[in-house]
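Visitor: I am attaching a structure below and will ask some questions about it afterwards.
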Amino acid sequence: MELKHLNKDEFEQAVNAGDELVVVDFFATWCGPCKMLGPVIERAADKFSDVHFYKVDIDEEMDLAARFQVMSVPTLIYFKRGEVLSKSVGLVSPADVDKEISKLK
């Protein structure tokens with residue numbers, strides 16, 4: 001499943017999805033671990049149909065990256081009602097993503 005790329009204009013509405021969990025993958029096109037994480041997130045999106053998944057390119061959306069203190073990529077940030085619930089930095093396993101989503105849903 002191809003994930004929607006958010007820009008700063010779409011971001012607020014996307015992360016304020018009511019009581020539904022939102023996972024945002026902050027990435028860079030030049031980042032090797034980001035490319036490896038992509039399929040993990042796409043698989044999670046297929047598995048968790050009640051969770052919203054998005055991507056943010058830190059080079060195109062530097063203001064969003066700065067706002068959420070994304071210093072390294074990939075960074076996954078989990079939101080609910082616009083609030084940050086959790087953040088993970090670096091390449092994470094499919095099991096870790098599933099575990100975090102199940103914990104936060």
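All residue names refer to the structure tokens as shown: chains lettered A, B, ... in order, residues numbered from 1 in each chain, ligands numbered from 1 in order.
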Can you tell me which residues surround A:Lys47 at a distance of at most 12 Å, considering only C-alpha atoms, apart from same-chain residues fewer than 2 positions away, and format the answer as a list in words?
Guide: Met1, Val40, Ile41, Glu42, Arg43, Ala44, Ala45, Ser49, Asp50, Val51, His52, Phe53, Pro94, Val97, Asp98, Ile101 and Ser102 of chain A
Visitor: Could you write out that same residue set with C-alpha atoms as a PDB file, in the first residue's frame?
Guide:
```pdb
ATOM      1  CA  MET A   1       0.000   0.000   0.000  1.00  0.00           C
ATOM      2  CA  VAL A  40       7.651  -2.472   7.120  1.00  0.00           C
ATOM      3  CA  ILE A  41       5.318   0.524   7.391  1.00  0.00           C
ATOM      4  CA  GLU A  42       3.409  -0.432   4.244  1.00  0.00           C
ATOM      5  CA  ARG A  43       2.857  -3.928   5.676  1.00  0.00           C
ATOM      6  CA  ALA A  44       1.626  -2.423   8.947  1.00  0.00           C
ATOM      7  CA  ALA A  45      -0.756  -0.188   6.973  1.00  0.00           C
ATOM      8  CA  SER A  49      -6.799  -0.832   8.598  1.00  0.00           C
ATOM      9  CA  ASP A  50      -8.044   1.260  11.546  1.00  0.00           C
ATOM     10  CA  VAL A  51      -4.739   3.162  11.811  1.00  0.00           C
ATOM     11  CA  HIS A  52      -3.744   6.036   9.495  1.00  0.00           C
ATOM     12  CA  PHE A  53      -0.221   5.964   8.049  1.00  0.00           C
ATOM     13  CA  PRO A  94       7.933  -5.275  11.981  1.00  0.00           C
ATOM     14  CA  VAL A  97       5.971  -1.571  14.976  1.00  0.00           C
ATOM     15  CA  ASP A  98       3.089  -4.000  15.548  1.00  0.00           C
ATOM     16  CA  ILE A 101       0.576   0.134  17.452  1.00  0.00           C
ATOM     17  CA  SER A 102      -1.250  -2.493  19.514  1.00  0.00           C
TER      18      SER A 102
END
```
Visitor: What are the closest atom pairs, with distances in Å to one decimal, for all residues of stretch 52-87 of chain A lying within 6 Å of stretch 22-38 of chain A? Consider only C-alpha atoms, order rows by chain and residue number, and present the result as JSON lines.
Guide:
```
{"residue": "A:His52", "atom": "CA", "partner": "A:Val22", "partner_atom": "CA", "distance": 4.6}
{"residue": "A:Phe53", "atom": "CA", "partner": "A:Val23", "partner_atom": "CA", "distance": 4.8}
{"residue": "A:Tyr54", "atom": "CA", "partner": "A:Val24", "partner_atom": "CA", "distance": 4.8}
{"residue": "A:Lys55", "atom": "CA", "partner": "A:Asp25", "partner_atom": "CA", "distance": 4.6}
{"residue": "A:Val56", "atom": "CA", "partner": "A:Phe26", "partner_atom": "CA", "distance": 4.8}
{"residue": "A:Asp57", "atom": "CA", "partner": "A:Phe27", "partner_atom": "CA", "distance": 5.2}
{"residue": "A:Ile58", "atom": "CA", "partner": "A:Ala28", "partner_atom": "CA", "distance": 5.8}
{"residue": "A:Val73", "atom": "CA", "partner": "A:Phe27", "partner_atom": "CA", "distance": 5.4}
{"residue": "A:Pro74", "atom": "CA", "partner": "A:Phe27", "partner_atom": "CA", "distance": 5.0}
{"residue": "A:Thr75", "atom": "CA", "partner": "A:Phe26", "partner_atom": "CA", "distance": 5.1}
{"residue": "A:Leu76", "atom": "CA", "partner": "A:Asp25", "partner_atom": "CA", "distance": 4.7}
{"residue": "A:Ile77", "atom": "CA", "partner": "A:Val24", "partner_atom": "CA", "distance": 5.3}
{"residue": "A:Tyr78", "atom": "CA", "partner": "A:Val23", "partner_atom": "CA", "distance": 4.6}
{"residue": "A:Phe79", "atom": "CA", "partner": "A:Val22", "partner_atom": "CA", "distance": 5.0}
```
Visitor: Residues as selected, N, CA and C atoms, written as a JSON list (two decimals), in the first residue's frame, can you do that?
Guide:
```json
[["chain", "number", "residue", "atom", "x", "y", "z"],
["A", 52, "HIS", "N", -4.12, 5.21, 10.65],
["A", 52, "HIS", "CA", -3.74, 6.04, 9.50],
["A", 52, "HIS", "C", -2.22, 6.14, 9.43],
["A", 53, "PHE", "N", -1.67, 5.92, 8.25],
["A", 53, "PHE", "CA", -0.22, 5.96, 8.05],
["A", 53, "PHE", "C", 0.12, 7.02, 7.01],
["A", 54, "TYR", "N", 1.14, 7.82, 7.30],
["A", 54, "TYR", "CA", 1.59, 8.87, 6.39],
["A", 54, "TYR", "C", 3.10, 8.94, 6.40],
["A", 55, "LYS", "N", 3.64, 9.64, 5.39],
["A", 55, "LYS", "CA", 5.07, 9.87, 5.30],
["A", 55, "LYS", "C", 5.32, 11.38, 5.20],
["A", 56, "VAL", "N", 6.44, 11.83, 5.76],
["A", 56, "VAL", "CA", 6.87, 13.22, 5.63],
["A", 56, "VAL", "C", 8.34, 13.22, 5.23],
["A", 57, "ASP", "N", 8.63, 13.82, 4.09],
["A", 57, "ASP", "CA", 10.00, 13.96, 3.60],
["A", 57, "ASP", "C", 10.64, 15.13, 4.34],
["A", 58, "ILE", "N", 11.65, 14.85, 5.16],
["A", 58, "ILE", "CA", 12.24, 15.91, 5.99],
["A", 58, "ILE", "C", 12.94, 16.99, 5.16],
["A", 73, "VAL", "N", 16.86, 10.09, 10.87],
["A", 73, "VAL", "CA", 15.82, 9.37, 10.14],
["A", 73, "VAL", "C", 16.26, 7.93, 9.96],
["A", 74, "PRO", "N", 15.30, 7.03, 9.87],
["A", 74, "PRO", "CA", 13.87, 7.28, 9.97],
["A", 74, "PRO", "C", 13.42, 7.53, 11.42],
["A", 75, "THR", "N", 12.36, 8.32, 11.54],
["A", 75, "THR", "CA", 11.70, 8.55, 12.83],
["A", 75, "THR", "C", 10.22, 8.30, 12.64],
["A", 76, "LEU", "N", 9.66, 7.44, 13.47],
["A", 76, "LEU", "CA", 8.22, 7.20, 13.48],
["A", 76, "LEU", "C", 7.63, 7.95, 14.66],
["A", 77, "ILE", "N", 6.58, 8.71, 14.40],
["A", 77, "ILE", "CA", 5.88, 9.40, 15.48],
["A", 77, "ILE", "C", 4.43, 8.95, 15.45],
["A", 78, "TYR", "N", 3.94, 8.55, 16.61],
["A", 78, "TYR", "CA", 2.59, 8.04, 16.78],
["A", 78, "TYR", "C", 1.74, 9.13, 17.43],
["A", 79, "PHE", "N", 0.61, 9.48, 16.77],
["A", 79, "PHE", "CA", -0.27, 10.54, 17.25],
["A", 79, "PHE", "C", -1.67, 10.00, 17.53]]
```
Visitor: DSSP on the backbone: what in stretch 36-104 of chain A comes out strand (DSSP E), as a ChimeraX atom specification?
Guide: /A:52-57,75-80,83-89
Visitor: Would you save the residues from that selection as a short mmCIF file (atom, residue, chain, number, x, y, z; two decimals), in the first residue's frame, using C-alpha atoms?
Guide:
```
data_model
loop_
_atom_site.label_atom_id
_atom_site.label_comp_id
_atom_site.auth_asym_id
_atom_site.auth_seq_id
_atom_site.Cartn_x
_atom_site.Cartn_y
_atom_site.Cartn_z
CA HIS A 52 -3.74 6.04 9.50
CA PHE A 53 -0.22 5.96 8.05
CA TYR A 54 1.59 8.87 6.39
CA LYS A 55 5.07 9.87 5.30
CA VAL A 56 6.87 13.22 5.63
CA ASP A 57 10.00 13.96 3.60
CA THR A 75 11.70 8.55 12.83
CA LEU A 76 8.22 7.20 13.48
CA ILE A 77 5.88 9.40 15.48
CA TYR A 78 2.59 8.04 16.78
CA PHE A 79 -0.27 10.54 17.25
CA LYS A 80 -3.78 10.47 18.63
CA GLU A 83 -0.92 14.65 20.51
CA VAL A 84 2.39 12.79 20.27
CA LEU A 85 2.03 9.47 22.08
CA SER A 86 5.33 7.87 21.17
CA LYS A 87 8.39 8.24 18.97
CA SER A 88 10.92 5.75 17.67
CA VAL A 89 14.16 6.63 15.93
#
```
Visitor: Please determine, counting only C-alpha atoms, which residue among A:Met62, A:Lys99, A:Gly82, A:Leu104 has the shortest atom-to-atom distance to A:Asn7.
Guide: A:Met62
Visitor: Take atom CA of A:His5 and atom CA of A:Ser93 and report the distance between them in Å, one decimal.
Guide: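 Going from atom CA of A:His5 over to atom CA of A:Ser93, I get 21.7 Å.
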Visitor: Identify which of the residues A:Arg81, A:Gly90, A:Glu100, A:Met71 lies closest to A:Asp19, counting only C-alpha atoms when measuring atom-to-atom distances.
Guide: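 Of all the options, A:Arg81 lies closest to A:Asp19.
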Visitor: Tell me, in Å to one decimal, how far atom CA of A:Ala95 is from atom CA of A:Val70.
Guide: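 Atom-to-atom, atom CA of A:Ala95 to atom CA of A:Val70, that is 22.7 Å.
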Visitor: Which value, in Å to one decimal, gives the distance between atom CA of A:Ala66 and atom CA of A:Lys8?
Guide: 11.8 Å
Visitor: Based on DSSP run over this structure's backbone, return all residues of chain A in helix (DSSP H, G or I), as a PyMOL selection string.
Guide: chain A and resi 8-15+32-47+62-67+94-104
Visitor: Since we have the selection now, will you write its residues out, keeping C-alpha atoms, as a short mmCIF file (atom, residue, chain, number, x, y, z; two decimals), in the first residue's frame?
Guide:
```cif
data_model
loop_
_atom_site.label_atom_id
_atom_site.label_comp_id
_atom_site.auth_asym_id
_atom_site.auth_seq_id
_atom_site.Cartn_x
_atom_site.Cartn_y
_atom_site.Cartn_z
CA LYS A 8 2.67 21.18 6.24
CA ASP A 9 -0.75 22.28 4.99
CA GLU A 10 -2.21 18.76 5.25
CA PHE A 11 -0.40 17.72 8.40
CA GLU A 12 -2.67 19.13 11.13
CA GLN A 13 -5.83 17.64 9.69
CA ALA A 14 -4.13 14.28 9.14
CA VAL A 15 -2.82 13.88 12.70
CA GLY A 32 19.22 3.72 3.41
CA PRO A 33 17.46 2.66 6.64
CA CYS A 34 14.42 4.72 5.57
CA LYS A 35 14.19 2.68 2.38
CA MET A 36 14.35 -0.49 4.47
CA LEU A 37 11.63 0.75 6.83
CA GLY A 38 9.27 1.65 3.98
CA PRO A 39 8.02 -1.91 3.35
CA VAL A 40 7.65 -2.47 7.12
CA ILE A 41 5.32 0.52 7.39
CA GLU A 42 3.41 -0.43 4.24
CA ARG A 43 2.86 -3.93 5.68
CA ALA A 44 1.63 -2.42 8.95
CA ALA A 45 -0.76 -0.19 6.97
CA ASP A 46 -2.20 -3.27 5.29
CA LYS A 47 -2.48 -5.10 8.61
CA MET A 62 11.97 21.02 7.19
CA ASP A 63 9.57 23.02 9.39
CA LEU A 64 7.66 19.86 10.37
CA ALA A 65 10.90 18.00 11.05
CA ALA A 66 12.11 20.85 13.27
CA ARG A 67 8.76 21.16 15.05
CA PRO A 94 7.93 -5.27 11.98
CA ALA A 95 7.30 -6.87 15.40
CA ASP A 96 8.27 -3.66 17.20
CA VAL A 97 5.97 -1.57 14.98
CA ASP A 98 3.09 -4.00 15.55
CA LYS A 99 3.71 -4.02 19.29
CA GLU A 100 3.75 -0.22 19.53
CA ILE A 101 0.58 0.13 17.45
CA SER A 102 -1.25 -2.49 19.51
CA LYS A 103 -0.17 -0.76 22.73
CA LEU A 104 -1.33 2.70 21.59
#
```
